[in-house]
file protein04.cif (mmCIF, C-alpha atoms)
data_upload
loop_
_atom_site.label_atom_id
_atom_site.label_comp_id
_atom_site.auth_asym_id
_atom_site.auth_seq_id
_atom_site.Cartn_x
_atom_site.Cartn_y
_atom_site.Cartn_z
CA MET A 1 113.09 1.38 65.16
CA ASN A 2 116.77 2.25 64.91
CA GLU A 3 117.40 0.19 68.04
CA ALA A 4 115.50 -2.74 66.51
CA LEU A 5 117.72 -2.40 63.43
CA CYS A 6 120.78 -2.60 65.70
CA GLU A 7 119.40 -5.87 67.08
CA ALA A 8 118.82 -7.15 63.53
CA LYS A 9 122.43 -6.36 62.67
CA ALA A 10 123.54 -8.26 65.79
CA ALA A 11 121.55 -11.26 64.53
CA MET A 12 123.21 -10.98 61.14
CA ASP A 13 126.64 -10.89 62.81
CA GLU A 14 125.71 -14.21 64.46
CA ASP A 15 124.61 -15.63 61.06
CA GLU A 16 120.96 -15.51 62.12
CA ILE A 17 118.08 -14.17 60.03
CA PRO A 18 118.44 -10.42 60.67
CA ILE A 19 115.28 -9.51 62.54
CA GLY A 20 115.48 -7.37 65.63
CA ALA A 21 113.00 -6.18 68.25
CA VAL A 22 112.86 -3.83 71.21
CA ILE A 23 110.06 -3.21 73.68
CA VAL A 24 109.55 0.27 75.08
CA CYS A 25 107.57 1.12 78.20
CA LYS A 26 107.08 4.63 79.55
CA GLY A 27 109.68 6.03 77.17
CA ARG A 28 112.50 3.60 77.88
CA ILE A 29 113.67 0.35 76.33
CA ILE A 30 112.93 -2.48 78.74
CA ALA A 31 113.76 -5.41 76.44
CA ARG A 32 115.73 -6.30 73.34
CA GLY A 33 115.84 -9.36 71.18
CA HIS A 34 117.04 -10.70 67.87
CA ASN A 35 116.57 -14.00 66.11
CA MET A 36 118.45 -16.81 67.83
CA THR A 37 116.90 -19.88 66.22
CA GLU A 38 120.19 -21.24 64.88
CA ASN A 39 122.31 -20.60 67.98
CA LEU A 40 119.70 -21.99 70.36
CA HIS A 41 118.51 -24.76 67.99
CA ASP A 42 114.99 -23.53 68.77
CA PRO A 43 112.49 -22.64 66.03
CA SER A 44 110.56 -20.48 68.48
CA ALA A 45 113.54 -18.22 69.34
CA HIS A 46 112.31 -15.32 67.21
CA ALA A 47 113.30 -11.74 68.05
CA GLU A 48 109.82 -10.95 69.35
CA MET A 49 109.68 -14.02 71.60
CA ILE A 50 113.07 -13.18 73.13
CA ALA A 51 111.95 -9.58 73.70
CA ILE A 52 108.58 -10.59 75.21
CA THR A 53 110.30 -12.84 77.75
CA ALA A 54 112.76 -10.10 78.70
CA ALA A 55 110.00 -7.46 78.94
CA THR A 56 107.72 -9.49 81.18
CA GLU A 57 110.68 -10.21 83.42
CA ALA A 58 111.56 -6.49 83.51
CA ILE A 59 108.06 -5.40 84.54
CA GLY A 60 107.36 -8.39 86.75
CA GLY A 61 104.14 -9.43 85.04
CA LYS A 62 102.80 -11.11 81.94
CA TYR A 63 100.83 -8.20 80.45
CA LEU A 64 102.47 -5.57 78.27
CA ASN A 65 99.44 -3.28 77.79
CA ASP A 66 101.47 -0.09 78.30
CA CYS A 67 104.31 -1.20 76.02
CA THR A 68 105.24 -0.81 72.37
CA LEU A 69 107.08 -3.46 70.37
CA TYR A 70 109.32 -2.17 67.58
CA VAL A 71 110.30 -4.95 65.19
CA THR A 72 112.04 -4.79 61.82
CA ILE A 73 109.78 -7.28 60.00
CA GLU A 74 106.06 -7.98 60.42
CA PRO A 75 105.60 -10.62 63.14
CA CYS A 76 104.71 -14.18 62.15
CA PRO A 77 101.54 -15.88 63.44
CA MET A 78 103.41 -17.54 66.33
CA CYS A 79 104.76 -14.21 67.54
CA ALA A 80 101.43 -12.47 66.97
CA GLY A 81 99.76 -15.08 69.17
CA ALA A 82 102.31 -14.54 71.93
CA LEU A 83 101.86 -10.77 71.60
CA ALA A 84 98.09 -11.25 71.90
CA TRP A 85 98.50 -13.28 75.09
CA ALA A 86 100.83 -10.58 76.45
CA GLN A 87 98.23 -7.96 75.47
CA ILE A 88 100.88 -5.71 73.96
CA GLY A 89 99.55 -2.17 73.62
CA ARG A 90 101.15 -1.29 70.30
CA ILE A 91 103.20 -2.90 67.56
CA VAL A 92 105.35 -0.89 65.17
CA TYR A 93 107.02 -2.84 62.39
CA GLY A 94 109.22 -1.97 59.47
CA ALA A 95 108.76 -4.17 56.41
CA PRO A 96 105.78 -6.41 55.73
CA ASP A 97 106.18 -10.17 55.41
CA PRO A 98 103.89 -11.05 52.50
CA LYS A 99 104.52 -14.79 52.85
CA ARG A 100 104.39 -15.36 56.62
CA GLY A 101 103.16 -12.19 58.31
CA PHE A 102 100.28 -12.14 60.79
CA SER A 103 98.27 -9.73 58.63
CA LEU A 104 97.54 -12.57 56.20
CA PHE A 105 95.08 -13.96 58.73
CA SER A 106 91.55 -12.84 59.34
CA PRO A 107 90.32 -12.35 61.94
CA SER A 108 93.42 -10.73 63.38
CA LEU A 109 95.66 -12.87 65.57
CA LEU A 110 96.39 -9.85 67.78
CA HIS A 111 94.61 -8.70 70.91
CA PRO A 112 91.64 -6.50 69.88
CA LYS A 113 93.06 -3.44 71.69
CA THR A 114 96.53 -3.66 70.13
CA GLU A 115 97.35 -0.75 67.83
CA VAL A 116 99.51 -1.47 64.77
CA GLU A 117 101.71 0.83 62.73
CA SER A 118 103.63 -0.46 59.73
CA GLY A 119 106.17 0.83 57.26
CA VAL A 120 108.55 2.54 59.71
CA LEU A 121 112.00 2.46 58.06
CA ALA A 122 110.55 -0.25 55.83
CA GLY A 123 113.17 0.10 53.11
CA GLU A 124 116.10 -0.24 55.47
CA CYS A 125 114.50 -3.16 57.30
CA ALA A 126 113.68 -4.99 54.05
CA ASP A 127 117.11 -4.32 52.53
CA LEU A 128 118.89 -5.80 55.53
CA LEU A 129 116.89 -9.03 55.25
CA ARG A 130 117.03 -9.14 51.43
CA ASN A 131 120.83 -8.68 51.32
CA PHE A 132 121.36 -11.34 53.99
CA LEU A 133 119.23 -13.86 52.09
CA LYS A 134 121.01 -13.09 48.78
CA LYS A 135 124.33 -13.96 50.40
CA LYS A 136 122.89 -17.23 51.73
CA ARG A 137 121.61 -18.38 48.37
#
call {"tool": "encode", "arguments": {"input": "protein04.cif", "output": "structure tokens"}}
result
Amino acid sequence: MNEALCEAKAAMDEDEIPIGAVIVCKGRIIARGHNMTENLHDPSAHAEMIAITAATEAIGGKYLNDCTLYVTIEPCPMCAGALAWAQIGRIVYGAPDPKRGFSLFSPSLLHPKTEVESGVLAGECADLLRNFLKKKR
């Protein structure tokens, strides 16, 4: 999660919403991503989407069953859908997103075999986003 926080800080340095993600497979980071929606003028350029693309390229296939995504904020429904199609094995996220997070939806948007862990470094993840948004307002 610390590496995902580094990605979130990189996003903040680029004046992007500070959300970061890394994907780990067999004990090593195979992909990184942070929000790039402003720089790319692309509403789908979320940290998770960037990381998914890099991870599938790294492993040479579209399924991430043996991988874990670490992301600072709970994925949105769009990202959860992409993670379901990629059949990610596990998702670990920091802070919940009570307004736009995937957990608001039932049934789950994730693949049925995906394991989820939440609350990892939640305070630090939430503070980074909260402080960024305060400065913007």
call {"tool": "resolve_selection", "arguments": {"input": "protein04.cif", "expression": "the PyMOL selection byres ((chain A and resi 39) around 12)", "output": "count of residues only"}}
result
19
call {"tool": "resolve_selection", "arguments": {"input": "protein04.cif", "expression": "the PyMOL selection byres ((chain A and resi 55) around 8)", "output": "VMD selection string"}}
result
chain A and resid 23 30 to 31 51 to 54 56 to 59 64
call {"tool": "atom_distance", "arguments": {"input": "protein04.cif", "atom1": "CA of Ile88 in chain A", "atom2": "CA of Lys62 in chain A"}}
result
9.8 Å
call {"tool": "residues_around", "arguments": {"input": "protein04.cif", "residues": "Gly119 in chain A", "least_positions_apart": "5", "cutoff": "9 Å", "atoms": "all atoms listed in the file", "output": "ChimeraX atom specification"}}
result
/A:92-96
call {"tool": "resolve_selection", "arguments": {"input": "protein04.cif", "expression": "the PyMOL selection byres ((chain A and resi 122-133) around 6)", "output": "PyMOL selection string"}}
result
chain A and resi 18+72+94-95+119-121+134-136
call {"tool": "write_last_selection", "arguments": {"input": "protein04.cif", "atoms": "C-alpha atoms", "output": "compact mmCIF listing (two decimals), keeping the file's coordinate frame"}}
result
# COMPACT_ATOMS: atom_id res chain seq x y z
CA PRO A 18 118.44 -10.42 60.67
CA THR A 72 112.04 -4.79 61.82
CA GLY A 94 109.22 -1.97 59.47
CA ALA A 95 108.76 -4.17 56.41
CA GLY A 119 106.17 0.83 57.26
CA VAL A 120 108.55 2.54 59.71
CA LEU A 121 112.00 2.46 58.06
CA LYS A 134 121.01 -13.09 48.78
CA LYS A 135 124.33 -13.96 50.40
CA LYS A 136 122.89 -17.23 51.73
call {"tool": "atom_distance", "arguments": {"input": "protein04.cif", "atom1": "CA of Arg100 in chain A", "atom2": "CA of Gly61 in chain A"}}
result
29.0 Å
call {"tool": "build_atoms", "arguments": {"input": "protein04.cif", "residues": "range 91-112 of chain A", "atoms": "N, CA, C and O atoms", "output": "PDB file, keeping the file's coordinate frame"}}
result
ATOM      1  N   ILE A  91     102.158  -2.271  68.356  1.00  0.00           N
ATOM      2  CA  ILE A  91     103.200  -2.900  67.560  1.00  0.00           C
ATOM      3  C   ILE A  91     103.554  -1.952  66.424  1.00  0.00           C
ATOM      4  O   ILE A  91     102.667  -1.469  65.716  1.00  0.00           O
ATOM      5  N   VAL A  92     104.849  -1.695  66.280  1.00  0.00           N
ATOM      6  CA  VAL A  92     105.350  -0.890  65.170  1.00  0.00           C
ATOM      7  C   VAL A  92     106.340  -1.777  64.424  1.00  0.00           C
ATOM      8  O   VAL A  92     107.314  -2.245  65.018  1.00  0.00           O
ATOM      9  N   TYR A  93     106.062  -2.022  63.139  1.00  0.00           N
ATOM     10  CA  TYR A  93     107.020  -2.840  62.390  1.00  0.00           C
ATOM     11  C   TYR A  93     107.461  -2.138  61.119  1.00  0.00           C
ATOM     12  O   TYR A  93     106.794  -1.242  60.617  1.00  0.00           O
ATOM     13  N   GLY A  94     108.628  -2.565  60.662  1.00  0.00           N
ATOM     14  CA  GLY A  94     109.220  -1.970  59.470  1.00  0.00           C
ATOM     15  C   GLY A  94     108.607  -2.523  58.199  1.00  0.00           C
ATOM     16  O   GLY A  94     107.618  -2.014  57.685  1.00  0.00           O
ATOM     17  N   ALA A  95     109.181  -3.599  57.692  1.00  0.00           N
ATOM     18  CA  ALA A  95     108.760  -4.170  56.410  1.00  0.00           C
ATOM     19  C   ALA A  95     107.704  -5.251  56.606  1.00  0.00           C
ATOM     20  O   ALA A  95     107.737  -5.996  57.587  1.00  0.00           O
ATOM     21  N   PRO A  96     106.773  -5.334  55.670  1.00  0.00           N
ATOM     22  CA  PRO A  96     105.780  -6.410  55.730  1.00  0.00           C
ATOM     23  C   PRO A  96     106.423  -7.746  55.372  1.00  0.00           C
ATOM     24  O   PRO A  96     107.475  -7.792  54.736  1.00  0.00           O
ATOM     25  N   ASP A  97     105.761  -8.821  55.796  1.00  0.00           N
ATOM     26  CA  ASP A  97     106.180 -10.170  55.410  1.00  0.00           C
ATOM     27  C   ASP A  97     105.014 -10.773  54.633  1.00  0.00           C
ATOM     28  O   ASP A  97     104.095 -11.358  55.214  1.00  0.00           O
ATOM     29  N   PRO A  98     105.033 -10.615  53.312  1.00  0.00           N
ATOM     30  CA  PRO A  98     103.890 -11.050  52.500  1.00  0.00           C
ATOM     31  C   PRO A  98     103.676 -12.560  52.441  1.00  0.00           C
ATOM     32  O   PRO A  98     102.616 -13.015  52.032  1.00  0.00           O
ATOM     33  N   LYS A  99     104.652 -13.335  52.878  1.00  0.00           N
ATOM     34  CA  LYS A  99     104.520 -14.790  52.850  1.00  0.00           C
ATOM     35  C   LYS A  99     104.147 -15.396  54.195  1.00  0.00           C
ATOM     36  O   LYS A  99     103.493 -16.423  54.257  1.00  0.00           O
ATOM     37  N   ARG A 100     104.599 -14.757  55.302  1.00  0.00           N
ATOM     38  CA  ARG A 100     104.390 -15.360  56.620  1.00  0.00           C
ATOM     39  C   ARG A 100     103.927 -14.389  57.686  1.00  0.00           C
ATOM     40  O   ARG A 100     103.911 -14.732  58.861  1.00  0.00           O
ATOM     41  N   GLY A 101     103.560 -13.190  57.327  1.00  0.00           N
ATOM     42  CA  GLY A 101     103.160 -12.190  58.310  1.00  0.00           C
ATOM     43  C   GLY A 101     101.782 -12.449  58.899  1.00  0.00           C
ATOM     44  O   GLY A 101     100.922 -13.083  58.271  1.00  0.00           O
ATOM     45  N   PHE A 102     101.550 -11.934  60.097  1.00  0.00           N
ATOM     46  CA  PHE A 102     100.280 -12.140  60.790  1.00  0.00           C
ATOM     47  C   PHE A 102      99.113 -11.491  60.064  1.00  0.00           C
ATOM     48  O   PHE A 102      97.974 -11.941  60.197  1.00  0.00           O
ATOM     49  N   SER A 103      99.372 -10.448  59.279  1.00  0.00           N
ATOM     50  CA  SER A 103      98.270  -9.730  58.630  1.00  0.00           C
ATOM     51  C   SER A 103      97.596 -10.550  57.532  1.00  0.00           C
ATOM     52  O   SER A 103      96.536 -10.163  57.034  1.00  0.00           O
ATOM     53  N   LEU A 104      98.166 -11.683  57.184  1.00  0.00           N
ATOM     54  CA  LEU A 104      97.540 -12.570  56.200  1.00  0.00           C
ATOM     55  C   LEU A 104      96.303 -13.255  56.758  1.00  0.00           C
ATOM     56  O   LEU A 104      95.510 -13.813  56.003  1.00  0.00           O
ATOM     57  N   PHE A 105      96.149 -13.215  58.073  1.00  0.00           N
ATOM     58  CA  PHE A 105      95.080 -13.960  58.730  1.00  0.00           C
ATOM     59  C   PHE A 105      93.934 -13.059  59.146  1.00  0.00           C
ATOM     60  O   PHE A 105      94.139 -11.972  59.649  1.00  0.00           O
ATOM     61  N   SER A 106      92.751 -13.560  58.924  1.00  0.00           N
ATOM     62  CA  SER A 106      91.550 -12.840  59.340  1.00  0.00           C
ATOM     63  C   SER A 106      90.646 -13.853  60.034  1.00  0.00           C
ATOM     64  O   SER A 106      90.440 -14.946  59.511  1.00  0.00           O
ATOM     65  N   PRO A 107      90.150 -13.587  61.195  1.00  0.00           N
ATOM     66  CA  PRO A 107      90.320 -12.350  61.940  1.00  0.00           C
ATOM     67  C   PRO A 107      91.750 -12.217  62.454  1.00  0.00           C
ATOM     68  O   PRO A 107      92.526 -13.172  62.444  1.00  0.00           O
ATOM     69  N   SER A 108      92.073 -11.018  62.922  1.00  0.00           N
ATOM     70  CA  SER A 108      93.420 -10.730  63.380  1.00  0.00           C
ATOM     71  C   SER A 108      93.831 -11.671  64.514  1.00  0.00           C
ATOM     72  O   SER A 108      93.030 -12.038  65.364  1.00  0.00           O
ATOM     73  N   LEU A 109      95.100 -12.025  64.514  1.00  0.00           N
ATOM     74  CA  LEU A 109      95.660 -12.870  65.570  1.00  0.00           C
ATOM     75  C   LEU A 109      96.027 -12.046  66.801  1.00  0.00           C
ATOM     76  O   LEU A 109      96.357 -12.609  67.837  1.00  0.00           O
ATOM     77  N   LEU A 110      95.990 -10.731  66.690  1.00  0.00           N
ATOM     78  CA  LEU A 110      96.390  -9.850  67.780  1.00  0.00           C
ATOM     79  C   LEU A 110      95.251  -9.608  68.755  1.00  0.00           C
ATOM     80  O   LEU A 110      94.082  -9.824  68.440  1.00  0.00           O
ATOM     81  N   HIS A 111      95.605  -9.113  69.929  1.00  0.00           N
ATOM     82  CA  HIS A 111      94.610  -8.700  70.910  1.00  0.00           C
ATOM     83  C   HIS A 111      93.790  -7.554  70.287  1.00  0.00           C
ATOM     84  O   HIS A 111      94.338  -6.711  69.582  1.00  0.00           O
ATOM     85  N   PRO A 112      92.483  -7.515  70.521  1.00  0.00           N
ATOM     86  CA  PRO A 112      91.640  -6.500  69.880  1.00  0.00           C
ATOM     87  C   PRO A 112      92.034  -5.050  70.199  1.00  0.00           C
ATOM     88  O   PRO A 112      91.763  -4.155  69.406  1.00  0.00           O
TER      89      PRO A 112
END
